[in-house]
Amino acid sequence: MNKHQIISDARTVLVTGARRGIGYTIAERLFHQGCNVVLVDVDAEDVERAAAKLDPSGVRVLPATADVSRSAEISSVLKRVEDKFGGIDILVNNAGISPKHDGKKAFVLDMDETEWRHVLDINLTSAFLCVQACLPWMKKRNWGRIINMSSQAGRTVSTIAGAHYAASKAGMIAFSRTLAAEIGADGITSNCVAPGRIVTPMAEEAGADANAAYLQRIPVHRLGNPEDIAGVVAFLASDDASFITGATIDVNGGAFMG
Ligand code: NAD
């Protein structure tokens with residue numbers, strides 16, 4: 001028996017950046033709620049392992065290796081999805097990077113143009129491409145959920161992440177809102193989740209000292225964990241959230257109270 005309430009056996013979710021961290025925990029949560037789960041990530045071995053951990057039978061999971069900043073790679077994943085599950089009902093644009101140099105962000109003046117473009121491609125353009133690929137299915141069914149991973153860095157000043165990351169995460173919010181206005185009448189919602197400091201491999205790259213200093217600024221006095229984010233994503237993916245669209249949900253222990 002699953003520990004969470006079933007959303008719907010028929011629903012299929014695609015989670016990008018799902019081999020580990022927040023993405024894997026979202027995939028796990030929605031799998032236990034009865035969804036079929038497509039796990040997409042760049043690392044083939046890891047994404048296969050993550051999918052096998054969720055469902056050793058392979059019946060309700062589909063591991064897919066793709067760089068989600070490349071439309072051709074997304075298209076080939078979606079062909080496999082169509083064959084196995086018919087389409088996507090819930091899209092979670094979670095893949096992201098936050099480049100550091102010896103644990104520190106690059107300042108704008110020193111930032112390499114290639115690094116700027118790379119971050120925008122992976123963190124923001126990927127969401128646009130995945131939405132374009134999944135939206136036709138959702139429109140056909142007159143139901144859909146798009147959940148975009150923003151960040152506290154896109155909501156207020158960012159000291160740990162670079163300007164490219166903050167710009168991509170603020171861009172995710174604007175993209176999500178514009179989309180929400182375009183697709184609301186089709187029964188499809190588009191929302192953002194903006195995590196604060198969450199303990200994952202990405203957060204660990206900033207180093208123990210930076211994370212310990214950050215802890216002092218969090219009213220609930222703990223760092224977040226991936227389950228804190230997965231629970232909010234599961235709610236936004238549910239029928240209960242059908243009147244919420246264009247919103248950004250801050251999940252940060254009170255570190256930023258918009
Ligand atoms: P993570 O590094 O553990 O996971 C990110 C995943 O994205 C990795 O599995 C990585 O392989 C994958 N990925 C990177 N580039 C990709 C690409 N081109 N195509 C497909 N997959 C790709 O990080 P996380 O902490 O779990 O972060 C998940 C999301 O949450 C990110 O968008 C991140 O910006 C956001 N976020 C994280 C925190 C935090 O404190 N951890 C805070 C705010 C927002």
# chains A, B, ... in the order shown; residues from 1 in each chain; ligands from 1

$ residues_near_ligand --ligand "ligand 1" --cutoff "8 Å" --atoms "only C-alpha atoms and all ligand atoms" --output "VMD selection string"
chain A and resid 16 to 24 40 to 43 65 to 70 93 to 98 121 to 123 126 149 to 153 165 169 194 to 203 224 226

$ write_last_selection --atoms "C-alpha atoms" --output "CSV table (one decimal), in the first residue's frame"
chain,number,residue,atom,x,y,z
A,16,THR,CA,13.5,16.9,-15.7
A,17,GLY,CA,16.7,16.6,-13.7
A,18,ALA,CA,15.3,13.5,-12.0
A,19,ARG,CA,18.4,11.4,-11.3
A,20,ARG,CA,19.0,12.9,-7.9
A,21,GLY,CA,18.1,15.7,-5.5
A,22,ILE,CA,14.8,17.5,-5.6
A,23,GLY,CA,13.9,16.0,-9.0
A,24,TYR,CA,14.3,12.5,-7.8
A,40,VAL,CA,14.8,12.7,-17.6
A,41,ASP,CA,18.4,13.6,-17.0
A,42,VAL,CA,21.8,14.0,-18.7
A,43,ASP,CA,23.5,11.1,-16.9
A,65,THR,CA,18.7,10.4,-21.1
A,66,ALA,CA,18.5,13.9,-22.6
A,67,ASP,CA,19.9,17.3,-22.4
A,68,VAL,CA,16.7,19.3,-21.9
A,69,SER,CA,18.2,22.4,-23.5
A,70,ARG,CA,18.1,20.6,-26.9
A,93,ASN,CA,10.6,21.6,-15.2
A,94,ASN,CA,13.2,21.0,-12.5
A,95,ALA,CA,16.6,20.6,-14.2
A,96,GLY,CA,19.0,23.3,-13.3
A,97,ILE,CA,22.6,24.2,-12.8
A,98,SER,CA,24.3,26.8,-10.6
A,121,ASP,CA,19.8,27.5,-21.8
A,122,ILE,CA,19.5,24.8,-19.1
A,123,ASN,CA,17.6,26.7,-16.5
A,126,SER,CA,14.7,24.0,-21.4
A,149,MET,CA,11.3,25.2,-10.5
A,150,SER,CA,12.3,28.8,-9.7
A,151,SER,CA,14.4,29.7,-6.6
A,152,GLN,CA,14.6,32.2,-3.8
A,153,ALA,CA,17.4,33.6,-5.9
A,165,TYR,CA,21.2,31.8,-12.2
A,169,LYS,CA,15.0,31.8,-12.0
A,194,ALA,CA,10.7,28.9,-5.4
A,195,PRO,CA,12.9,26.8,-2.9
A,196,GLY,CA,15.2,28.4,-0.4
A,197,ARG,CA,18.2,26.5,0.8
A,198,ILE,CA,17.5,22.7,0.2
A,199,VAL,CA,20.1,20.0,1.1
A,200,THR,CA,21.0,18.4,-2.2
A,201,PRO,CA,24.3,18.0,-4.2
A,202,MET,CA,23.7,21.4,-5.7
A,203,ALA,CA,23.5,23.1,-2.3
A,224,GLY,CA,15.1,22.5,3.7
A,226,PRO,CA,13.8,17.7,-1.0

$ atom_distance --atom1 "CA of Ile74 in chain A" --atom2 "CA of Cys134 in chain A"
9.8 Å

$ select_by_dssp --residues "range 131-197 of chain A" --states "strand (DSSP E or B)" --output "list in words"
Gly144, Arg145, Ile146, Ile147, Asn148, Met149, Ile188, Thr189, Ser190, Asn191, Cys192, Val193, Ala194 and Pro195 of chain A

$ write_last_selection --atoms "C-alpha atoms" --output "PDB file, in the first residue's frame"
ATOM      1  CA  GLY A 144      -2.649  19.626 -17.424  1.00  0.00           C
ATOM      2  CA  ARG A 145      -0.217  20.804 -14.791  1.00  0.00           C
ATOM      3  CA  ILE A 146       3.027  22.641 -15.470  1.00  0.00           C
ATOM      4  CA  ILE A 147       5.272  23.207 -12.480  1.00  0.00           C
ATOM      5  CA  ASN A 148       8.443  25.221 -12.958  1.00  0.00           C
ATOM      6  CA  MET A 149      11.319  25.219 -10.502  1.00  0.00           C
ATOM      7  CA  ILE A 188      -4.031  23.638 -17.643  1.00  0.00           C
ATOM      8  CA  THR A 189      -2.282  25.448 -14.811  1.00  0.00           C
ATOM      9  CA  SER A 190       1.258  26.818 -14.766  1.00  0.00           C
ATOM     10  CA  ASN A 191       2.941  27.615 -11.466  1.00  0.00           C
ATOM     11  CA  CYS A 192       6.376  28.053  -9.945  1.00  0.00           C
ATOM     12  CA  VAL A 193       7.912  26.713  -6.784  1.00  0.00           C
ATOM     13  CA  ALA A 194      10.710  28.858  -5.356  1.00  0.00           C
ATOM     14  CA  PRO A 195      12.855  26.830  -2.944  1.00  0.00           C
TER      15      PRO A 195
END

$ atom_distance --atom1 "CA of Met138 in chain A" --atom2 "CA of Ala72 in chain A"
20.1 Å

$ decode --residues "range 97-141 of chain A" --atoms "N, CA and C atoms" --output "PDB file, in the first residue's frame"
ATOM      1  N   ILE A  97      21.228  24.188 -13.212  1.00  0.00           N
ATOM      2  CA  ILE A  97      22.626  24.219 -12.777  1.00  0.00           C
ATOM      3  C   ILE A  97      22.916  25.578 -12.139  1.00  0.00           C
ATOM      4  N   SER A  98      23.906  25.576 -11.257  1.00  0.00           N
ATOM      5  CA  SER A  98      24.335  26.822 -10.606  1.00  0.00           C
ATOM      6  C   SER A  98      25.854  26.780 -10.510  1.00  0.00           C
ATOM      7  N   PRO A  99      26.547  27.142 -11.591  1.00  0.00           N
ATOM      8  CA  PRO A  99      28.009  26.979 -11.623  1.00  0.00           C
ATOM      9  C   PRO A  99      28.721  27.741 -10.502  1.00  0.00           C
ATOM     10  N   LYS A 100      29.712  27.057  -9.933  1.00  0.00           N
ATOM     11  CA  LYS A 100      30.544  27.672  -8.893  1.00  0.00           C
ATOM     12  C   LYS A 100      32.007  27.457  -9.284  1.00  0.00           C
ATOM     13  N   HIS A 101      32.849  28.338  -8.774  1.00  0.00           N
ATOM     14  CA  HIS A 101      34.294  28.230  -9.009  1.00  0.00           C
ATOM     15  C   HIS A 101      34.932  28.182  -7.631  1.00  0.00           C
ATOM     16  N   ASP A 102      35.500  27.024  -7.278  1.00  0.00           N
ATOM     17  CA  ASP A 102      35.997  26.804  -5.913  1.00  0.00           C
ATOM     18  C   ASP A 102      34.924  27.130  -4.888  1.00  0.00           C
ATOM     19  N   GLY A 103      33.689  26.697  -5.190  1.00  0.00           N
ATOM     20  CA  GLY A 103      32.579  26.871  -4.254  1.00  0.00           C
ATOM     21  C   GLY A 103      31.943  28.253  -4.292  1.00  0.00           C
ATOM     22  N   LYS A 104      32.458  29.140  -5.150  1.00  0.00           N
ATOM     23  CA  LYS A 104      31.907  30.520  -5.174  1.00  0.00           C
ATOM     24  C   LYS A 104      31.371  30.883  -6.555  1.00  0.00           C
ATOM     25  N   LYS A 105      30.350  31.748  -6.561  1.00  0.00           N
ATOM     26  CA  LYS A 105      29.802  32.230  -7.832  1.00  0.00           C
ATOM     27  C   LYS A 105      30.816  33.144  -8.526  1.00  0.00           C
ATOM     28  N   ALA A 106      30.666  33.308  -9.840  1.00  0.00           N
ATOM     29  CA  ALA A 106      31.449  34.328 -10.550  1.00  0.00           C
ATOM     30  C   ALA A 106      30.694  35.652 -10.447  1.00  0.00           C
ATOM     31  N   PHE A 107      31.406  36.735 -10.202  1.00  0.00           N
ATOM     32  CA  PHE A 107      30.788  38.055 -10.223  1.00  0.00           C
ATOM     33  C   PHE A 107      30.522  38.448 -11.680  1.00  0.00           C
ATOM     34  N   VAL A 108      29.552  39.323 -11.889  1.00  0.00           N
ATOM     35  CA  VAL A 108      29.146  39.699 -13.258  1.00  0.00           C
ATOM     36  C   VAL A 108      30.347  40.150 -14.088  1.00  0.00           C
ATOM     37  N   LEU A 109      31.196  40.956 -13.485  1.00  0.00           N
ATOM     38  CA  LEU A 109      32.332  41.504 -14.231  1.00  0.00           C
ATOM     39  C   LEU A 109      33.283  40.409 -14.725  1.00  0.00           C
ATOM     40  N   ASP A 110      33.345  39.316 -13.980  1.00  0.00           N
ATOM     41  CA  ASP A 110      34.285  38.244 -14.342  1.00  0.00           C
ATOM     42  C   ASP A 110      33.598  37.102 -15.081  1.00  0.00           C
ATOM     43  N   MET A 111      32.285  37.210 -15.266  1.00  0.00           N
ATOM     44  CA  MET A 111      31.546  36.045 -15.786  1.00  0.00           C
ATOM     45  C   MET A 111      31.787  35.846 -17.276  1.00  0.00           C
ATOM     46  N   ASP A 112      32.038  34.599 -17.589  1.00  0.00           N
ATOM     47  CA  ASP A 112      32.259  34.211 -18.962  1.00  0.00           C
ATOM     48  C   ASP A 112      30.920  34.204 -19.722  1.00  0.00           C
ATOM     49  N   GLU A 113      30.897  34.736 -20.923  1.00  0.00           N
ATOM     50  CA  GLU A 113      29.649  34.785 -21.703  1.00  0.00           C
ATOM     51  C   GLU A 113      29.099  33.371 -21.963  1.00  0.00           C
ATOM     52  N   THR A 114      30.008  32.429 -22.188  1.00  0.00           N
ATOM     53  CA  THR A 114      29.569  31.045 -22.450  1.00  0.00           C
ATOM     54  C   THR A 114      28.828  30.488 -21.237  1.00  0.00           C
ATOM     55  N   GLU A 115      29.371  30.792 -20.040  1.00  0.00           N
ATOM     56  CA  GLU A 115      28.725  30.297 -18.818  1.00  0.00           C
ATOM     57  C   GLU A 115      27.333  30.930 -18.665  1.00  0.00           C
ATOM     58  N   TRP A 116      27.218  32.241 -18.946  1.00  0.00           N
ATOM     59  CA  TRP A 116      25.922  32.934 -18.874  1.00  0.00           C
ATOM     60  C   TRP A 116      24.902  32.229 -19.784  1.00  0.00           C
ATOM     61  N   ARG A 117      25.283  32.016 -21.037  1.00  0.00           N
ATOM     62  CA  ARG A 117      24.352  31.411 -22.008  1.00  0.00           C
ATOM     63  C   ARG A 117      23.988  29.982 -21.622  1.00  0.00           C
ATOM     64  N   HIS A 118      24.966  29.249 -21.113  1.00  0.00           N
ATOM     65  CA  HIS A 118      24.749  27.853 -20.718  1.00  0.00           C
ATOM     66  C   HIS A 118      23.695  27.764 -19.603  1.00  0.00           C
ATOM     67  N   VAL A 119      23.811  28.648 -18.620  1.00  0.00           N
ATOM     68  CA  VAL A 119      22.861  28.646 -17.496  1.00  0.00           C
ATOM     69  C   VAL A 119      21.452  29.009 -17.990  1.00  0.00           C
ATOM     70  N   LEU A 120      21.362  30.035 -18.817  1.00  0.00           N
ATOM     71  CA  LEU A 120      20.035  30.425 -19.347  1.00  0.00           C
ATOM     72  C   LEU A 120      19.427  29.288 -20.175  1.00  0.00           C
ATOM     73  N   ASP A 121      20.253  28.616 -20.956  1.00  0.00           N
ATOM     74  CA  ASP A 121      19.775  27.499 -21.791  1.00  0.00           C
ATOM     75  C   ASP A 121      19.200  26.366 -20.940  1.00  0.00           C
ATOM     76  N   ILE A 122      19.969  25.972 -19.926  1.00  0.00           N
ATOM     77  CA  ILE A 122      19.550  24.805 -19.130  1.00  0.00           C
ATOM     78  C   ILE A 122      18.448  25.158 -18.143  1.00  0.00           C
ATOM     79  N   ASN A 123      18.540  26.326 -17.538  1.00  0.00           N
ATOM     80  CA  ASN A 123      17.572  26.656 -16.478  1.00  0.00           C
ATOM     81  C   ASN A 123      16.256  27.231 -17.002  1.00  0.00           C
ATOM     82  N   LEU A 124      16.300  27.892 -18.164  1.00  0.00           N
ATOM     83  CA  LEU A 124      15.099  28.609 -18.624  1.00  0.00           C
ATOM     84  C   LEU A 124      14.621  28.134 -20.002  1.00  0.00           C
ATOM     85  N   THR A 125      15.508  28.111 -20.977  1.00  0.00           N
ATOM     86  CA  THR A 125      15.075  27.716 -22.330  1.00  0.00           C
ATOM     87  C   THR A 125      14.559  26.282 -22.328  1.00  0.00           C
ATOM     88  N   SER A 126      15.136  25.445 -21.497  1.00  0.00           N
ATOM     89  CA  SER A 126      14.677  24.043 -21.404  1.00  0.00           C
ATOM     90  C   SER A 126      13.192  23.983 -21.034  1.00  0.00           C
ATOM     91  N   ALA A 127      12.760  24.869 -20.143  1.00  0.00           N
ATOM     92  CA  ALA A 127      11.346  24.863 -19.717  1.00  0.00           C
ATOM     93  C   ALA A 127      10.447  25.231 -20.895  1.00  0.00           C
ATOM     94  N   PHE A 128      10.860  26.249 -21.650  1.00  0.00           N
ATOM     95  CA  PHE A 128      10.109  26.655 -22.843  1.00  0.00           C
ATOM     96  C   PHE A 128      10.009  25.477 -23.824  1.00  0.00           C
ATOM     97  N   LEU A 129      11.123  24.790 -24.041  1.00  0.00           N
ATOM     98  CA  LEU A 129      11.124  23.680 -25.010  1.00  0.00           C
ATOM     99  C   LEU A 129      10.262  22.511 -24.529  1.00  0.00           C
ATOM    100  N   CYS A 130      10.351  22.189 -23.255  1.00  0.00           N
ATOM    101  CA  CYS A 130       9.554  21.063 -22.727  1.00  0.00           C
ATOM    102  C   CYS A 130       8.063  21.405 -22.747  1.00  0.00           C
ATOM    103  N   VAL A 131       7.744  22.665 -22.432  1.00  0.00           N
ATOM    104  CA  VAL A 131       6.336  23.074 -22.489  1.00  0.00           C
ATOM    105  C   VAL A 131       5.824  22.947 -23.924  1.00  0.00           C
ATOM    106  N   GLN A 132       6.590  23.442 -24.881  1.00  0.00           N
ATOM    107  CA  GLN A 132       6.149  23.347 -26.293  1.00  0.00           C
ATOM    108  C   GLN A 132       5.893  21.894 -26.676  1.00  0.00           C
ATOM    109  N   ALA A 133       6.728  21.004 -26.166  1.00  0.00           N
ATOM    110  CA  ALA A 133       6.599  19.589 -26.538  1.00  0.00           C
ATOM    111  C   ALA A 133       5.400  18.914 -25.862  1.00  0.00           C
ATOM    112  N   CYS A 134       5.080  19.313 -24.637  1.00  0.00           N
ATOM    113  CA  CYS A 134       4.036  18.609 -23.861  1.00  0.00           C
ATOM    114  C   CYS A 134       2.639  19.228 -23.980  1.00  0.00           C
ATOM    115  N   LEU A 135       2.594  20.516 -24.283  1.00  0.00           N
ATOM    116  CA  LEU A 135       1.323  21.237 -24.280  1.00  0.00           C
ATOM    117  C   LEU A 135       0.251  20.652 -25.219  1.00  0.00           C
ATOM    118  N   PRO A 136       0.606  20.223 -26.430  1.00  0.00           N
ATOM    119  CA  PRO A 136      -0.438  19.685 -27.320  1.00  0.00           C
ATOM    120  C   PRO A 136      -1.215  18.529 -26.691  1.00  0.00           C
ATOM    121  N   TRP A 137      -0.519  17.641 -25.939  1.00  0.00           N
ATOM    122  CA  TRP A 137      -1.213  16.534 -25.275  1.00  0.00           C
ATOM    123  C   TRP A 137      -2.171  17.051 -24.207  1.00  0.00           C
ATOM    124  N   MET A 138      -1.686  17.996 -23.420  1.00  0.00           N
ATOM    125  CA  MET A 138      -2.516  18.534 -22.332  1.00  0.00           C
ATOM    126  C   MET A 138      -3.760  19.218 -22.900  1.00  0.00           C
ATOM    127  N   LYS A 139      -3.562  19.989 -23.967  1.00  0.00           N
ATOM    128  CA  LYS A 139      -4.700  20.697 -24.579  1.00  0.00           C
ATOM    129  C   LYS A 139      -5.731  19.699 -25.088  1.00  0.00           C
ATOM    130  N   LYS A 140      -5.262  18.616 -25.692  1.00  0.00           N
ATOM    131  CA  LYS A 140      -6.172  17.601 -26.230  1.00  0.00           C
ATOM    132  C   LYS A 140      -7.041  17.014 -25.112  1.00  0.00           C
ATOM    133  N   ARG A 141      -6.436  16.840 -23.928  1.00  0.00           N
ATOM    134  CA  ARG A 141      -7.175  16.234 -22.801  1.00  0.00           C
ATOM    135  C   ARG A 141      -7.914  17.272 -21.956  1.00  0.00           C
TER     136      ARG A 141
END
